[in-house]
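Novice: Data file query.tsv (TSV, N, CA and C atoms and all ligand atoms) is appended below.
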```tsv
chain	number	residue	atom	x	y	z
F	1	MET	N	0.84	-1.21	0.00
F	1	MET	CA	0.00	0.00	0.00
F	1	MET	C	0.87	1.26	0.00
F	2	TYR	N	1.80	1.29	0.87
F	2	TYR	CA	2.74	2.41	0.97
F	2	TYR	C	3.46	2.63	-0.35
F	3	TYR	N	3.75	1.56	-1.00
F	3	TYR	CA	4.45	1.57	-2.27
F	3	TYR	C	3.60	2.27	-3.36
F	4	ILE	N	2.31	1.97	-3.36
F	4	ILE	CA	1.40	2.57	-4.33
F	4	ILE	C	1.27	4.08	-4.11
F	5	LYS	N	1.21	4.52	-2.83
F	5	LYS	CA	1.12	5.94	-2.51
F	5	LYS	C	2.32	6.68	-3.09
F	6	ARG	N	3.48	6.07	-2.93
F	6	ARG	CA	4.70	6.69	-3.44
F	6	ARG	C	4.64	6.84	-4.96
F	7	LEU	N	4.05	5.84	-5.54
F	7	LEU	CA	3.94	5.88	-7.00
F	7	LEU	C	3.04	7.03	-7.43
F	8	TYR	N	1.94	7.23	-6.70
F	8	TYR	CA	1.03	8.34	-7.01
F	8	TYR	C	1.73	9.69	-6.87
F	9	ILE	N	2.49	9.82	-5.77
F	9	ILE	CA	3.22	11.08	-5.53
F	9	ILE	C	4.21	11.34	-6.66
F	10	LEU	N	4.86	10.29	-7.05
F	10	LEU	CA	5.83	10.41	-8.14
F	10	LEU	C	5.15	10.85	-9.44
F	11	LEU	N	4.01	10.23	-9.71
F	11	LEU	CA	3.25	10.59	-10.91
F	11	LEU	C	2.79	12.04	-10.86
F	12	PHE	N	2.36	12.46	-9.64
F	12	PHE	CA	1.90	13.83	-9.46
F	12	PHE	C	3.03	14.83	-9.76
F	13	ILE	N	4.21	14.50	-9.20
F	13	ILE	CA	5.37	15.37	-9.44
F	13	ILE	C	5.70	15.43	-10.94
F	14	LEU	N	5.67	14.27	-11.56
F	14	LEU	CA	5.94	14.23	-13.01
F	14	LEU	C	4.93	15.07	-13.78
F	15	TYR	N	3.68	15.00	-13.32
F	15	TYR	CA	2.61	15.75	-13.99
F	15	TYR	C	2.88	17.25	-13.91
F	16	ILE	N	3.28	17.71	-12.70
F	16	ILE	CA	3.58	19.14	-12.53
F	16	ILE	C	4.72	19.57	-13.44
F	17	PHE	N	5.75	18.75	-13.48
F	17	PHE	CA	6.90	19.10	-14.33
F	17	PHE	C	6.52	19.14	-15.80
F	18	SER	N	5.67	18.20	-16.18
F	18	SER	CA	5.27	18.18	-17.59
F	18	SER	C	4.48	19.45	-17.95
F	19	CYS	N	3.73	19.98	-16.97
F	19	CYS	CA	2.99	21.21	-17.24
F	19	CYS	C	3.91	22.39	-17.45
F	20	THR	N	4.89	22.56	-16.52
F	20	THR	CA	5.78	23.70	-16.67
F	20	THR	C	6.63	23.57	-17.93
F	21	GLU	N	6.92	22.36	-18.29
F	21	GLU	CA	7.69	22.12	-19.51
F	21	GLU	C	6.90	22.60	-20.73
F	22	ASP	N	5.61	22.34	-20.72
F	22	ASP	CA	4.73	22.74	-21.81
F	22	ASP	C	4.74	24.25	-22.03
F	23	LYS	N	4.70	24.97	-20.92
F	23	LYS	CA	4.63	26.43	-21.03
F	23	LYS	C	5.85	27.00	-21.74
F	24	LYS	N	6.99	26.37	-21.47
F	24	LYS	CA	8.22	26.88	-22.09
F	24	LYS	C	8.23	26.71	-23.60
F	25	THR	N	7.58	25.64	-24.04
F	25	THR	CA	7.66	25.37	-25.47
F	25	THR	C	6.64	26.14	-26.31
F	26	ILE	N	5.79	26.92	-25.63
F	26	ILE	CA	4.82	27.71	-26.41
F	26	ILE	C	5.57	28.76	-27.23
F	27	ILE	N	5.33	28.75	-28.50
F	27	ILE	CA	6.00	29.73	-29.37
F	27	ILE	C	5.14	30.99	-29.43
F	28	GLU	N	5.75	32.08	-29.03
F	28	GLU	CA	4.98	33.32	-29.05
F	28	GLU	C	5.00	33.92	-30.44
F	29	THR	N	3.83	34.35	-30.86
F	29	THR	CA	3.78	35.02	-32.16
F	29	THR	C	4.34	36.42	-31.98
F	30	PRO	N	5.25	36.82	-32.88
F	30	PRO	CA	5.83	38.14	-32.73
F	30	PRO	C	4.78	39.24	-32.86
F	31	LYS	N	4.87	40.19	-31.96
F	31	LYS	CA	3.88	41.28	-32.01
F	31	LYS	C	4.43	42.41	-32.89
F	32	THR	N	3.68	42.75	-33.89
F	32	THR	CA	4.11	43.84	-34.76
F	32	THR	C	3.70	45.16	-34.12
F	33	LYS	N	4.67	46.06	-34.06
F	33	LYS	CA	4.38	47.35	-33.43
F	33	LYS	C	3.58	48.24	-34.38
F	34	GLU	N	3.97	48.22	-35.65
F	34	GLU	CA	3.29	49.10	-36.61
F	34	GLU	C	2.15	48.36	-37.29
F	35	PRO	N	1.06	49.03	-37.47
F	35	PRO	CA	-0.02	48.39	-38.25
F	35	PRO	C	0.38	48.31	-39.72
F	36	ALA	N	-0.21	47.42	-40.43
F	36	ALA	CA	0.11	47.27	-41.84
F	36	ALA	C	-0.08	48.60	-42.57
F	37	LYS	N	0.87	48.90	-43.43
F	37	LYS	CA	0.77	50.17	-44.15
F	37	LYS	C	-0.33	50.09	-45.21
F	38	GLU	N	-1.07	51.15	-45.26
F	38	GLU	CA	-2.12	51.19	-46.27
F	38	GLU	C	-1.52	51.72	-47.56
F	39	LEU	N	-2.11	51.32	-48.65
F	39	LEU	CA	-1.60	51.73	-49.96
F	39	LEU	C	-1.58	53.25	-50.08
F	40	SER	N	-2.57	53.90	-49.46
F	40	SER	CA	-2.65	55.36	-49.59
F	40	SER	C	-1.44	56.05	-48.99
F	41	THR	N	-0.78	55.43	-47.98
F	41	THR	CA	0.38	56.07	-47.39
F	41	THR	C	1.62	55.83	-48.23
F	42	LEU	N	1.60	54.77	-49.02
F	42	LEU	CA	2.74	54.48	-49.88
F	42	LEU	C	2.65	55.27	-51.18
F	43	GLU	N	1.45	55.53	-51.58
F	43	GLU	CA	1.23	56.19	-52.87
F	43	GLU	C	0.40	57.44	-52.64
F	44	PRO	N	1.07	58.50	-52.14
F	44	PRO	CA	0.28	59.69	-51.81
F	44	PRO	C	-0.29	60.37	-53.06
F	45	TYR	N	-1.42	60.97	-52.88
F	45	TYR	CA	-2.01	61.69	-53.98
F	45	TYR	C	-1.71	63.16	-53.84
F	46	LEU	N	-1.41	63.77	-54.94
F	46	LEU	CA	-1.18	65.21	-54.92
F	46	LEU	C	-2.53	65.89	-54.65
F	47	PRO	N	-2.47	67.11	-54.14
F	47	PRO	CA	-3.73	67.78	-53.78
F	47	PRO	C	-4.70	67.86	-54.96
F	48	VAL	N	-5.97	67.87	-54.60
F	48	VAL	CA	-7.01	68.01	-55.62
F	48	VAL	C	-6.98	69.45	-56.11
F	49	ALA	N	-6.91	69.62	-57.40
F	49	ALA	CA	-6.98	70.95	-58.01
F	49	ALA	C	-7.43	70.76	-59.45
F	50	VAL	N	-7.78	71.87	-60.08
F	50	VAL	CA	-8.22	71.79	-61.48
F	50	VAL	C	-7.12	71.15	-62.31
F	51	GLY	N	-7.47	70.20	-63.13
F	51	GLY	CA	-6.48	69.57	-64.01
F	51	GLY	C	-5.91	68.28	-63.44
F	52	GLN	N	-6.34	67.91	-62.24
F	52	GLN	CA	-5.76	66.71	-61.62
F	52	GLN	C	-6.00	65.46	-62.47
F	53	LYS	N	-7.21	65.35	-62.98
F	53	LYS	CA	-7.57	64.17	-63.79
F	53	LYS	C	-6.69	64.09	-65.03
F	54	THR	N	-6.49	65.24	-65.67
F	54	THR	CA	-5.66	65.29	-66.89
F	54	THR	C	-4.23	64.91	-66.55
F	55	PHE	N	-3.74	65.44	-65.45
F	55	PHE	CA	-2.40	65.10	-64.99
F	55	PHE	C	-2.28	63.60	-64.75
F	56	GLN	N	-3.27	63.05	-64.03
F	56	GLN	CA	-3.22	61.62	-63.71
F	56	GLN	C	-3.23	60.78	-64.98
F	57	ARG	N	-4.07	61.16	-65.91
F	57	ARG	CA	-4.21	60.37	-67.15
F	57	ARG	C	-2.91	60.36	-67.94
F	58	HIS	N	-2.23	61.52	-68.00
F	58	HIS	CA	-1.08	61.61	-68.89
F	58	HIS	C	0.27	61.38	-68.22
F	59	CYS	N	0.38	61.65	-66.95
F	59	CYS	CA	1.70	61.56	-66.33
F	59	CYS	C	1.91	60.26	-65.55
F	60	LEU	N	0.83	59.67	-65.07
F	60	LEU	CA	1.01	58.51	-64.22
F	60	LEU	C	1.16	57.19	-64.98
F	61	ALA	N	1.20	57.31	-66.31
F	61	ALA	CA	1.43	56.10	-67.11
F	61	ALA	C	2.88	55.65	-66.93
F	62	CYS	N	3.77	56.62	-66.74
F	62	CYS	CA	5.18	56.26	-66.62
F	62	CYS	C	5.74	56.48	-65.22
F	63	HIS	N	5.15	57.40	-64.46
F	63	HIS	CA	5.65	57.67	-63.11
F	63	HIS	C	4.61	57.33	-62.07
F	64	SER	N	5.08	57.24	-60.82
F	64	SER	CA	4.15	57.16	-59.71
F	64	SER	C	3.86	58.58	-59.26
F	65	THR	N	2.79	58.75	-58.51
F	65	THR	CA	2.49	60.08	-57.96
F	65	THR	C	3.65	60.53	-57.07
F	66	LYS	N	4.19	59.55	-56.35
F	66	LYS	CA	5.31	59.81	-55.44
F	66	LYS	C	6.48	60.49	-56.17
F	67	TYR	N	6.74	60.03	-57.37
F	67	TYR	CA	7.87	60.56	-58.16
F	67	TYR	C	7.68	62.05	-58.43
F	68	ILE	N	6.45	62.43	-58.73
F	68	ILE	CA	6.17	63.84	-59.00
F	68	ILE	C	6.16	64.60	-57.67
F	69	GLU	N	5.60	63.97	-56.64
F	69	GLU	CA	5.46	64.62	-55.34
F	69	GLU	C	6.82	64.93	-54.72
F	70	MET	N	7.82	64.06	-54.96
F	70	MET	CA	9.13	64.27	-54.32
F	70	MET	C	10.00	65.29	-55.06
F	71	GLN	N	9.51	65.81	-56.17
F	71	GLN	CA	10.25	66.87	-56.86
F	71	GLN	C	10.15	68.15	-56.04
F	72	PRO	N	11.17	69.00	-56.18
F	72	PRO	CA	11.03	70.29	-55.48
F	72	PRO	C	9.93	71.14	-56.12
F	73	ASN	N	9.53	72.19	-55.45
F	73	ASN	CA	8.57	73.11	-56.07
F	73	ASN	C	9.28	73.87	-57.20
F	74	PHE	N	8.72	73.81	-58.37
F	74	PHE	CA	9.33	74.47	-59.52
F	74	PHE	C	8.49	75.65	-59.98
F	75	PRO	N	9.15	76.67	-60.54
F	75	PRO	CA	8.37	77.75	-61.17
F	75	PRO	C	7.73	77.25	-62.47
F	76	GLU	N	6.77	78.01	-62.96
F	76	GLU	CA	6.01	77.58	-64.14
F	76	GLU	C	6.91	77.21	-65.32
F	77	LYS	N	7.95	78.04	-65.56
F	77	LYS	CA	8.84	77.78	-66.69
F	77	LYS	C	9.46	76.39	-66.63
F	78	THR	N	9.87	76.02	-65.44
F	78	THR	CA	10.52	74.71	-65.26
F	78	THR	C	9.53	73.58	-65.51
F	79	TRP	N	8.33	73.72	-64.97
F	79	TRP	CA	7.31	72.67	-65.19
F	79	TRP	C	6.99	72.56	-66.68
F	80	GLN	N	6.90	73.72	-67.33
F	80	GLN	CA	6.63	73.73	-68.77
F	80	GLN	C	7.73	72.95	-69.50
F	81	LYS	N	8.98	73.23	-69.12
F	81	LYS	CA	10.12	72.54	-69.76
F	81	LYS	C	10.05	71.03	-69.51
F	82	ILE	N	9.73	70.67	-68.28
F	82	ILE	CA	9.67	69.25	-67.93
F	82	ILE	C	8.60	68.54	-68.75
F	83	VAL	N	7.41	69.14	-68.79
F	83	VAL	CA	6.32	68.50	-69.53
F	83	VAL	C	6.67	68.43	-71.03
F	84	ASP	N	7.26	69.51	-71.57
F	84	ASP	CA	7.70	69.49	-72.98
F	84	ASP	C	8.70	68.36	-73.21
F	85	LYS	N	9.61	68.21	-72.23
F	85	LYS	CA	10.64	67.15	-72.34
F	85	LYS	C	9.98	65.76	-72.36
F	86	MET	N	8.94	65.59	-71.55
F	86	MET	CA	8.23	64.29	-71.52
F	86	MET	C	7.64	63.99	-72.89
F	87	VAL	N	7.11	65.03	-73.52
F	87	VAL	CA	6.47	64.85	-74.83
F	87	VAL	C	7.53	64.64	-75.92
F	88	LYS	N	8.52	65.55	-75.96
F	88	LYS	CA	9.49	65.51	-77.07
F	88	LYS	C	10.54	64.40	-76.90
F	89	ASN	N	11.10	64.28	-75.71
F	89	ASN	CA	12.20	63.32	-75.53
F	89	ASN	C	11.72	61.92	-75.18
F	90	PHE	N	10.66	61.85	-74.41
F	90	PHE	CA	10.26	60.52	-73.95
F	90	PHE	C	8.99	60.01	-74.63
F	91	GLY	N	8.47	60.81	-75.55
F	91	GLY	CA	7.34	60.35	-76.36
F	91	GLY	C	6.03	60.21	-75.63
F	92	ALA	N	5.83	61.03	-74.59
F	92	ALA	CA	4.53	60.99	-73.91
F	92	ALA	C	3.46	61.55	-74.85
F	93	PRO	N	2.42	60.77	-75.12
F	93	PRO	CA	1.39	61.25	-76.05
F	93	PRO	C	0.40	62.21	-75.38
F	94	ILE	N	0.82	63.47	-75.25
F	94	ILE	CA	-0.03	64.46	-74.59
F	94	ILE	C	-0.38	65.59	-75.57
F	95	PRO	N	-1.64	65.79	-75.85
F	95	PRO	CA	-2.01	66.88	-76.76
F	95	PRO	C	-1.71	68.24	-76.12
F	96	ASP	N	-1.43	69.25	-76.98
F	96	ASP	CA	-1.07	70.60	-76.51
F	96	ASP	C	-2.07	71.16	-75.51
F	97	SER	N	-3.35	70.94	-75.78
F	97	SER	CA	-4.38	71.50	-74.89
F	97	SER	C	-4.24	70.92	-73.48
F	98	SER	N	-3.87	69.63	-73.40
F	98	SER	CA	-3.70	69.00	-72.09
F	98	SER	C	-2.41	69.47	-71.42
F	99	VAL	N	-1.38	69.73	-72.23
F	99	VAL	CA	-0.11	70.20	-71.66
F	99	VAL	C	-0.34	71.45	-70.83
F	100	LYS	N	-1.14	72.37	-71.39
F	100	LYS	CA	-1.43	73.63	-70.67
F	100	LYS	C	-2.12	73.35	-69.33
F	101	VAL	N	-3.10	72.45	-69.37
F	101	VAL	CA	-3.86	72.12	-68.16
F	101	VAL	C	-2.94	71.49	-67.11
F	102	ILE	N	-2.06	70.59	-67.59
F	102	ILE	CA	-1.16	69.88	-66.67
F	102	ILE	C	-0.16	70.85	-66.04
F	103	VAL	N	0.41	71.73	-66.86
F	103	VAL	CA	1.37	72.70	-66.32
F	103	VAL	C	0.69	73.57	-65.26
F	104	LYS	N	-0.51	73.99	-65.54
F	104	LYS	CA	-1.24	74.82	-64.57
F	104	LYS	C	-1.47	74.04	-63.27
F	105	TYR	N	-1.85	72.79	-63.42
F	105	TYR	CA	-2.07	71.95	-62.24
F	105	TYR	C	-0.79	71.82	-61.41
F	106	LEU	N	0.32	71.53	-62.11
F	106	LEU	CA	1.59	71.33	-61.41
F	106	LEU	C	2.04	72.61	-60.69
F	107	VAL	N	1.81	73.76	-61.32
F	107	VAL	CA	2.17	75.02	-60.68
F	107	VAL	C	1.28	75.24	-59.45
F	108	ASP	N	0.03	74.85	-59.56
F	108	ASP	CA	-0.89	75.00	-58.42
F	108	ASP	C	-0.46	74.15	-57.22
F	109	VAL	N	-0.06	72.91	-57.48
F	109	VAL	CA	0.22	72.01	-56.36
F	109	VAL	C	1.71	71.92	-55.99
F	110	LYS	N	2.60	72.18	-56.97
F	110	LYS	CA	4.04	72.10	-56.68
F	110	LYS	C	4.78	73.26	-57.33
F	111	GLY	N	4.17	74.43	-57.24
F	111	GLY	CA	4.75	75.59	-57.91
F	111	GLY	C	5.67	76.40	-57.01
F	112	ALA	N	6.53	77.17	-57.64
F	112	ALA	CA	7.37	78.12	-56.93
F	112	ALA	C	7.40	79.39	-57.76
F	113	ARG	N	7.77	80.48	-57.14
F	113	ARG	CA	7.79	81.73	-57.89
F	113	ARG	C	8.99	81.80	-58.81
F	114	ASP	N	8.76	82.39	-59.98
F	114	ASP	CA	9.87	82.60	-60.93
F	114	ASP	C	10.90	83.51	-60.29
F	115	LYS	N	12.17	83.12	-60.45
F	115	LYS	CA	13.22	83.96	-59.84
F	115	LYS	C	13.60	85.15	-60.73
F	116	GLU	N	13.36	84.94	-62.05
F	116	GLU	CA	13.72	86.02	-62.98
F	116	GLU	C	12.76	87.19	-62.91
F	201	LIG	C1	6.18	57.98	-71.89
F	201	LIG	C2	6.55	57.93	-70.48
F	201	LIG	C3	6.48	59.22	-69.70
F	201	LIG	C4	5.36	60.01	-69.47
F	201	LIG	C5	3.95	59.81	-69.99
F	201	LIG	C6	5.81	61.07	-68.61
F	201	LIG	N1	7.13	60.93	-68.31
F	201	LIG	FE1	8.21	62.06	-66.99
F	201	LIG	N2	9.88	60.97	-67.38
F	201	LIG	C7	9.93	59.89	-68.25
F	201	LIG	C8	11.29	59.41	-68.29
F	201	LIG	C9	11.78	58.23	-69.12
F	201	LIG	C10	12.05	60.24	-67.43
F	201	LIG	C11	13.52	60.17	-67.11
F	201	LIG	C12	13.68	59.28	-65.91
F	201	LIG	C13	15.09	59.29	-65.45
F	201	LIG	O1	15.87	60.16	-65.81
F	201	LIG	O2	15.38	58.39	-64.67
F	201	LIG	C14	11.12	61.19	-66.86
F	201	LIG	C15	11.46	62.14	-65.90
F	201	LIG	C16	10.58	63.02	-65.30
F	201	LIG	C17	10.90	63.96	-64.24
F	201	LIG	C18	12.27	64.11	-63.58
F	201	LIG	C19	12.93	65.37	-63.96
F	201	LIG	C20	13.51	65.35	-65.35
F	201	LIG	O3	13.54	66.43	-65.94
F	201	LIG	O4	13.98	64.29	-65.82
F	201	LIG	C21	9.77	64.63	-63.93
F	201	LIG	C22	9.58	65.72	-62.88
F	201	LIG	C23	8.73	64.13	-64.81
F	201	LIG	N3	9.25	63.14	-65.60
F	201	LIG	C24	7.43	64.58	-64.79
F	201	LIG	C25	6.44	64.16	-65.69
F	201	LIG	C26	5.16	64.80	-65.81
F	201	LIG	C27	4.68	65.99	-64.99
F	201	LIG	C28	4.47	64.09	-66.76
F	201	LIG	C29	3.09	64.40	-67.30
F	201	LIG	C30	3.02	65.59	-68.12
F	201	LIG	C31	5.34	63.03	-67.23
F	201	LIG	N4	6.53	63.12	-66.55
F	201	LIG	C32	4.97	62.08	-68.16
F	201	LIG	C33	8.88	59.33	-68.93
F	201	LIG	C34	7.59	59.81	-68.96
```
Here is the file; what I need is its structure written in the form of structure tokens.

Specialist:
Amino acid sequence: MYYIKRLYILLFILYIFSCTEDKKTIIETPKTKEPAKELSTLEPYLPVAVGQKTFQRHCLACHSTKYIEMQPNFPEKTWQKIVDKMVKNFGAPIPDSSVKVIVKYLVDVKGARDKE
């Protein structure tokens, strides 16, 4: 009888150890501090202004909005030159009437005063 009691105690001790052993092996899922980035934060949109649709249609075929957004503020002449360069050098199919609208839009949202 005494022998059986000892066996129970031994089993009980083993049981406790097996429990604490289990806790150690739990793999914790890493907690991410930052929430998943939304597409809107990766691809910012330039401010809404007249001509935005025309700009989007003609300029975003080759660039991201980010690419235009990270440019410094340019005076009208510079934007005009850039848009002309896109048409003449890089073959952007933009009609003259749209070029005017786009340049105006770019000056509105990323314009700087002419230094001359
Ligand atoms: C047919 C494709 C195409 C279209 C459409 C296009 N671009 Fe570009 N753009 C280019 C290429 C190619 C470059 C040169 C990239 C480089 O140098 O790495 C460039 C460069 C630029 C640059 C960098 C400055 C510079 O002078 O090189 C700006 C700003 C720019 N484009 C703005 C525009 C704007 C605004 C429009 C809309 C009117 C536009 N792009 C439409 C192809 C295009």

Novice: Could you please determine the separation between CA of Val50 in chain F and atom C12 of ligand LIG 201 (chain F) in Å, to one decimal place?

Specialist: 25.6 Å

Novice: Counting only C-alpha atoms and all ligand atoms, what are the residues, protein, DNA or RNA alike, that approach ligand LIG 201 (chain F) to within 8 Å? I want them as a ChimeraX atom specification.

Specialist: /F:55-56,58-63,67-68,71,79,81-87,90-94,99,102-103,106

Novice: Suppose you want the space between CA of Ala112 in chain F and CA of Pro72 in chain F; what is it in Å?

Specialist: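 Taking CA of Ala112 in chain F as the start and CA of Pro72 in chain F as the end point, the length is 8.8 Å.
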
Novice: Just checking: using only N, CA and C atoms, which residue out of F:Ile27, F:Val107, F:Ile9, F:Leu14 ends up closest to Phe74 in chain F?

Specialist: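 Among the listed residues, F:Val107 lies closest to Phe74 in chain F.
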
Novice: Between CA of Lys110 in chain F and CA of Asn73 in chain F, what is the distance in Å, rounded to a tenth?

Specialist: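 Going from CA of Lys110 in chain F over to CA of Asn73 in chain F covers 4.7 Å.
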
Novice: Under the rule that only C-alpha atoms are counted, which of F:Gly111, F:Phe17, F:Ile4, F:Ile26 is the nearest residue to Glu69 in chain F?

Specialist: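 Nearest candidate to Glu69 in chain F out of F:Gly111, F:Phe17, F:Ile4, F:Ile26: F:Gly111.
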
Novice: Compare F:Ile13, F:Val101, F:Tyr45, F:Lys77 by their minimum atom-to-atom distance to Arg113 in chain F, counting all atoms listed in the file, and give me the closest one.

Specialist: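 Closest to Arg113 in chain F, using all atoms listed in the file: F:Lys77.
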